[in-house]
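Pasted below: start15.pdb, PDB, C-alpha atoms, pLDDT in the B column.
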```
ATOM      1  CA  MET A   1     -30.952  85.379-162.383  1.00 61.00           C
ATOM      2  CA  ALA A   2     -29.771  88.838-163.397  1.00 71.00           C
ATOM      3  CA  GLY A   3     -31.896  90.377-160.648  1.00 77.00           C
ATOM      4  CA  VAL A   4     -30.192  88.266-157.993  1.00 79.00           C
ATOM      5  CA  VAL A   5     -26.732  89.204-159.257  1.00 85.00           C
ATOM      6  CA  ASN A   6     -27.760  92.857-159.444  1.00 88.00           C
ATOM      7  CA  LYS A   7     -29.006  92.832-155.827  1.00 88.00           C
ATOM      8  CA  PHE A   8     -25.837  91.098-154.682  1.00 89.00           C
ATOM      9  CA  PHE A   9     -23.628  93.594-156.516  1.00 92.00           C
ATOM     10  CA  ILE A  10     -25.479  96.614-155.123  1.00 92.00           C
ATOM     11  CA  THR A  11     -25.466  95.365-151.529  1.00 93.00           C
ATOM     12  CA  SER A  12     -21.788  94.409-151.808  1.00 93.00           C
ATOM     13  CA  LEU A  13     -20.981  97.895-153.048  1.00 95.00           C
ATOM     14  CA  ILE A  14     -22.937  99.486-150.199  1.00 94.00           C
ATOM     15  CA  MET A  15     -21.317  97.134-147.680  1.00 93.00           C
ATOM     16  CA  TRP A  16     -17.918  98.320-148.881  1.00 94.00           C
ATOM     17  CA  ALA A  17     -18.737 102.020-149.249  1.00 96.00           C
ATOM     18  CA  ALA A  18     -20.828 102.680-146.115  1.00 95.00           C
ATOM     19  CA  PRO A  19     -18.103 102.031-143.518  1.00 95.00           C
ATOM     20  CA  ILE A  20     -15.553 104.024-145.499  1.00 96.00           C
ATOM     21  CA  ALA A  21     -17.991 106.936-145.793  1.00 95.00           C
ATOM     22  CA  ILE A  22     -18.730 106.786-142.065  1.00 94.00           C
ATOM     23  CA  LEU A  23     -15.066 106.726-141.114  1.00 93.00           C
ATOM     24  CA  TYR A  24     -14.353 109.593-143.531  1.00 93.00           C
ATOM     25  CA  ALA A  25     -17.214 111.650-142.075  1.00 93.00           C
ATOM     26  CA  PHE A  26     -15.990 111.111-138.526  1.00 90.00           C
ATOM     27  CA  ASN A  27     -12.340 111.855-139.325  1.00 88.00           C
ATOM     28  CA  HIS A  28     -13.127 115.040-141.281  1.00 90.00           C
ATOM     29  CA  ASN A  29     -15.670 116.389-138.742  1.00 85.00           C
ATOM     30  CA  LEU A  30     -18.599 116.212-141.155  1.00 88.00           C
ATOM     31  CA  ILE A  31     -20.936 114.937-138.437  1.00 86.00           C
ATOM     32  CA  PRO A  32     -22.186 117.566-135.947  1.00 87.00           C
ATOM     33  CA  GLY A  33     -20.941 117.140-132.400  1.00 82.00           C
ATOM     34  CA  VAL A  34     -17.887 115.087-133.329  1.00 82.00           C
ATOM     35  CA  THR A  35     -15.523 117.975-132.678  1.00 84.00           C
ATOM     36  CA  ASP A  36     -16.362 117.827-128.952  1.00 87.00           C
ATOM     37  CA  MET A  37     -15.204 114.210-128.645  1.00 87.00           C
ATOM     38  CA  SER A  38     -11.709 113.075-127.740  1.00 90.00           C
ATOM     39  CA  PRO A  39      -9.739 111.315-130.504  1.00 88.00           C
ATOM     40  CA  HIS A  40      -9.970 108.019-128.631  1.00 92.00           C
ATOM     41  CA  SER A  41     -13.759 108.271-128.289  1.00 90.00           C
ATOM     42  CA  MET A  42     -14.136 109.390-131.888  1.00 90.00           C
ATOM     43  CA  THR A  43     -12.182 106.347-133.095  1.00 90.00           C
ATOM     44  CA  LEU A  44     -14.282 103.970-131.016  1.00 93.00           C
ATOM     45  CA  VAL A  45     -17.617 105.492-131.994  1.00 93.00           C
ATOM     46  CA  SER A  46     -16.747 105.671-135.696  1.00 93.00           C
ATOM     47  CA  GLY A  47     -15.614 102.030-135.655  1.00 94.00           C
ATOM     48  CA  PHE A  48     -18.773 100.867-133.907  1.00 96.00           C
ATOM     49  CA  VAL A  49     -20.999 102.818-136.285  1.00 95.00           C
ATOM     50  CA  ALA A  50     -19.104 101.433-139.302  1.00 95.00           C
ATOM     51  CA  VAL A  51     -19.538  97.861-138.061  1.00 96.00           C
ATOM     52  CA  ILE A  52     -23.221  98.460-137.369  1.00 97.00           C
ATOM     53  CA  SER A  53     -23.669  99.836-140.892  1.00 96.00           C
ATOM     54  CA  VAL A  54     -22.259  96.628-142.380  1.00 95.00           C
ATOM     55  CA  ASN A  55     -24.639  94.575-140.235  1.00 96.00           C
ATOM     56  CA  VAL A  56     -27.572  96.702-141.378  1.00 96.00           C
ATOM     57  CA  VAL A  57     -26.628  96.113-145.024  1.00 95.00           C
ATOM     58  CA  ILE A  58     -26.358  92.362-144.408  1.00 95.00           C
ATOM     59  CA  ALA A  59     -29.800  92.355-142.749  1.00 95.00           C
ATOM     60  CA  PHE A  60     -31.179  94.321-145.696  1.00 93.00           C
ATOM     61  CA  TYR A  61     -29.766  91.757-148.133  1.00 92.00           C
ATOM     62  CA  ILE A  62     -31.258  88.891-146.112  1.00 92.00           C
ATOM     63  CA  CYS A  63     -34.651  90.610-146.188  1.00 92.00           C
ATOM     64  CA  LEU A  64     -34.391  91.004-149.952  1.00 88.00           C
ATOM     65  CA  ALA A  65     -33.503  87.340-150.317  1.00 84.00           C
ATOM     66  CA  MET A  66     -36.377  86.220-148.092  1.00 86.00           C
ATOM     67  CA  ARG A  67     -38.908  88.306-150.034  1.00 86.00           C
ATOM     68  CA  GLU A  68     -37.871  86.793-153.341  1.00 79.00           C
ATOM     69  CA  PRO A  69     -40.333  84.144-154.535  1.00 76.00           C
ATOM     70  CA  SER A  70     -38.829  80.670-154.487  1.00 72.00           C
ATOM     71  CA  ASP A  71     -41.089  79.254-157.189  1.00 71.00           C
ATOM     72  CA  LYS A  72     -39.760  81.441-159.988  1.00 68.00           C
ATOM     73  CA  HIS A  73     -36.338  79.779-159.967  1.00 68.00           C
ATOM     74  CA  GLU A  74     -36.010  76.591-161.967  1.00 74.00           C
ATOM     75  CA  PRO A  75     -32.768  74.697-162.476  1.00 75.00           C
ATOM     76  CA  ASP A  76     -31.092  74.619-165.858  1.00 80.00           C
ATOM     77  CA  PRO A  77     -32.193  71.477-167.790  1.00 84.00           C
ATOM     78  CA  LYS A  78     -28.690  70.946-169.193  1.00 89.00           C
ATOM     79  CA  PHE A  79     -27.203  71.075-165.700  1.00 87.00           C
ATOM     80  CA  LEU A  80     -29.796  68.594-164.419  1.00 87.00           C
ATOM     81  CA  ALA A  81     -29.080  66.164-167.248  1.00 89.00           C
ATOM     82  CA  GLU A  82     -25.331  66.325-166.618  1.00 90.00           C
ATOM     83  CA  ALA A  83     -25.813  65.885-162.869  1.00 89.00           C
ATOM     84  CA  LYS A  84     -28.070  62.852-163.336  1.00 90.00           C
ATOM     85  CA  ALA A  85     -25.591  61.293-165.771  1.00 90.00           C
ATOM     86  CA  SER A  86     -22.757  61.905-163.320  1.00 90.00           C
ATOM     87  CA  VAL A  87     -24.647  60.309-160.437  1.00 89.00           C
ATOM     88  CA  LYS A  88     -25.639  57.366-162.626  1.00 88.00           C
ATOM     89  CA  GLN A  89     -22.020  56.872-163.752  1.00 87.00           C
ATOM     90  CA  LEU A  90     -20.792  57.095-160.164  1.00 82.00           C
ATOM     91  CA  GLY A  91     -23.337  54.459-159.125  1.00 77.00           C
ATOM     92  CA  GLN A  92     -22.203  52.120-161.898  1.00 78.00           C
ATOM     93  CA  ASN A  93     -18.549  52.535-160.947  1.00 72.00           C
ATOM     94  CA  GLN A  94     -19.262  51.761-157.314  1.00 68.00           C
ATOM     95  CA  ASP A  95     -21.315  48.661-158.193  1.00 61.00           C
ATOM     96  CA  GLY A  96     -18.413  47.214-160.184  1.00 57.00           C
ATOM     97  CA  ASP A  97     -15.898  47.864-157.419  1.00 54.00           C
ATOM     98  CA  SER A  98     -18.193  46.958-154.532  1.00 51.00           C
ATOM     99  CA  SER A  99     -17.075  43.344-154.219  1.00 52.00           C
ATOM    100  CA  ASP A 100     -13.433  44.372-153.838  1.00 52.00           C
ATOM    101  CA  SER A 101     -14.040  47.243-151.451  1.00 53.00           C
ATOM    102  CA  ARG A 102     -16.590  45.468-149.264  1.00 55.00           C
ATOM    103  CA  THR A 103     -14.495  42.443-148.408  1.00 60.00           C
ATOM    104  CA  LYS A 104     -13.164  42.563-144.928  1.00 62.00           C
ATOM    105  CA  GLN A 105      -9.419  42.583-144.715  1.00 60.00           C
ATOM    106  CA  GLU A 106      -7.886  41.094-141.600  1.00 61.00           C
TER     107      GLU A 106
END
```
Transcribe the structure of this file into structure tokens.
Amino acid sequence: MAGVVNKFFITSLIMWAAPIAILYAFNHNLIPGVTDMSPHSMTLVSGFVAVISVNVVIAFYICLAMREPSDKHEPDPKFLAEAKASVKQLGQNQDGDSSDSRTKQE
């Protein structure tokens, strides 16, 4: 479980930092050839590249999730016991109230 949280934290951090770094690089002329662009074009290109970077990070996270083996995850036994008890209790409550709720009111 810690590996999943770690992957999520890292990709979330990259998804936040990558667009900011791209916008900073464009606005401070750290990318070659940006100085020749008009301010309007530079704003558009930097915005598009920032959005694309977020989509790349999301695709990377999806690939990581798809490569993770599904058989290594098992539900918590305590959670399963509580869930089964809750469903059983809900079923008992509905059986007791079923005659009242099922009668047709005209």
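CA of Val54 (chain A) lies 6.9 Å from CA of Pro19 (chain A).
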Legend entry - Answer key for the PyMOL selection byres ((chain A and resi 41-45) around 12), residues as a count of residues only: 24
Legend entry - Interatomic distance (Å, one decimal) between CA of Leu64 (chain A) and CA of Lys7 (chain A):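 The value is 8.2 Å.
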Inset, instruction - Can you work out which one of A:Leu30, A:Ala85, A:Met66, A:Val57 has the shortest atom-to-atom distance to Ala17 (chain A), counting all atoms listed in the file? - result: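 Of all the options, A:Val57 lies closest to Ala17 (chain A).
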Legend entry - Polymer residues at most 12 Å from Ile62 (chain A), all atoms listed in the file, same-chain spacing of 4 or more positions, as a VMD selection string: chain A and resid 4 7 to 8 11 55 to 58 66 to 68
Legend entry - For CA of Ile14 (chain A) and CA of Ala65 (chain A), the interatomic separation in Å (one decimal):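 Between these atoms lies a distance of 16.1 Å.
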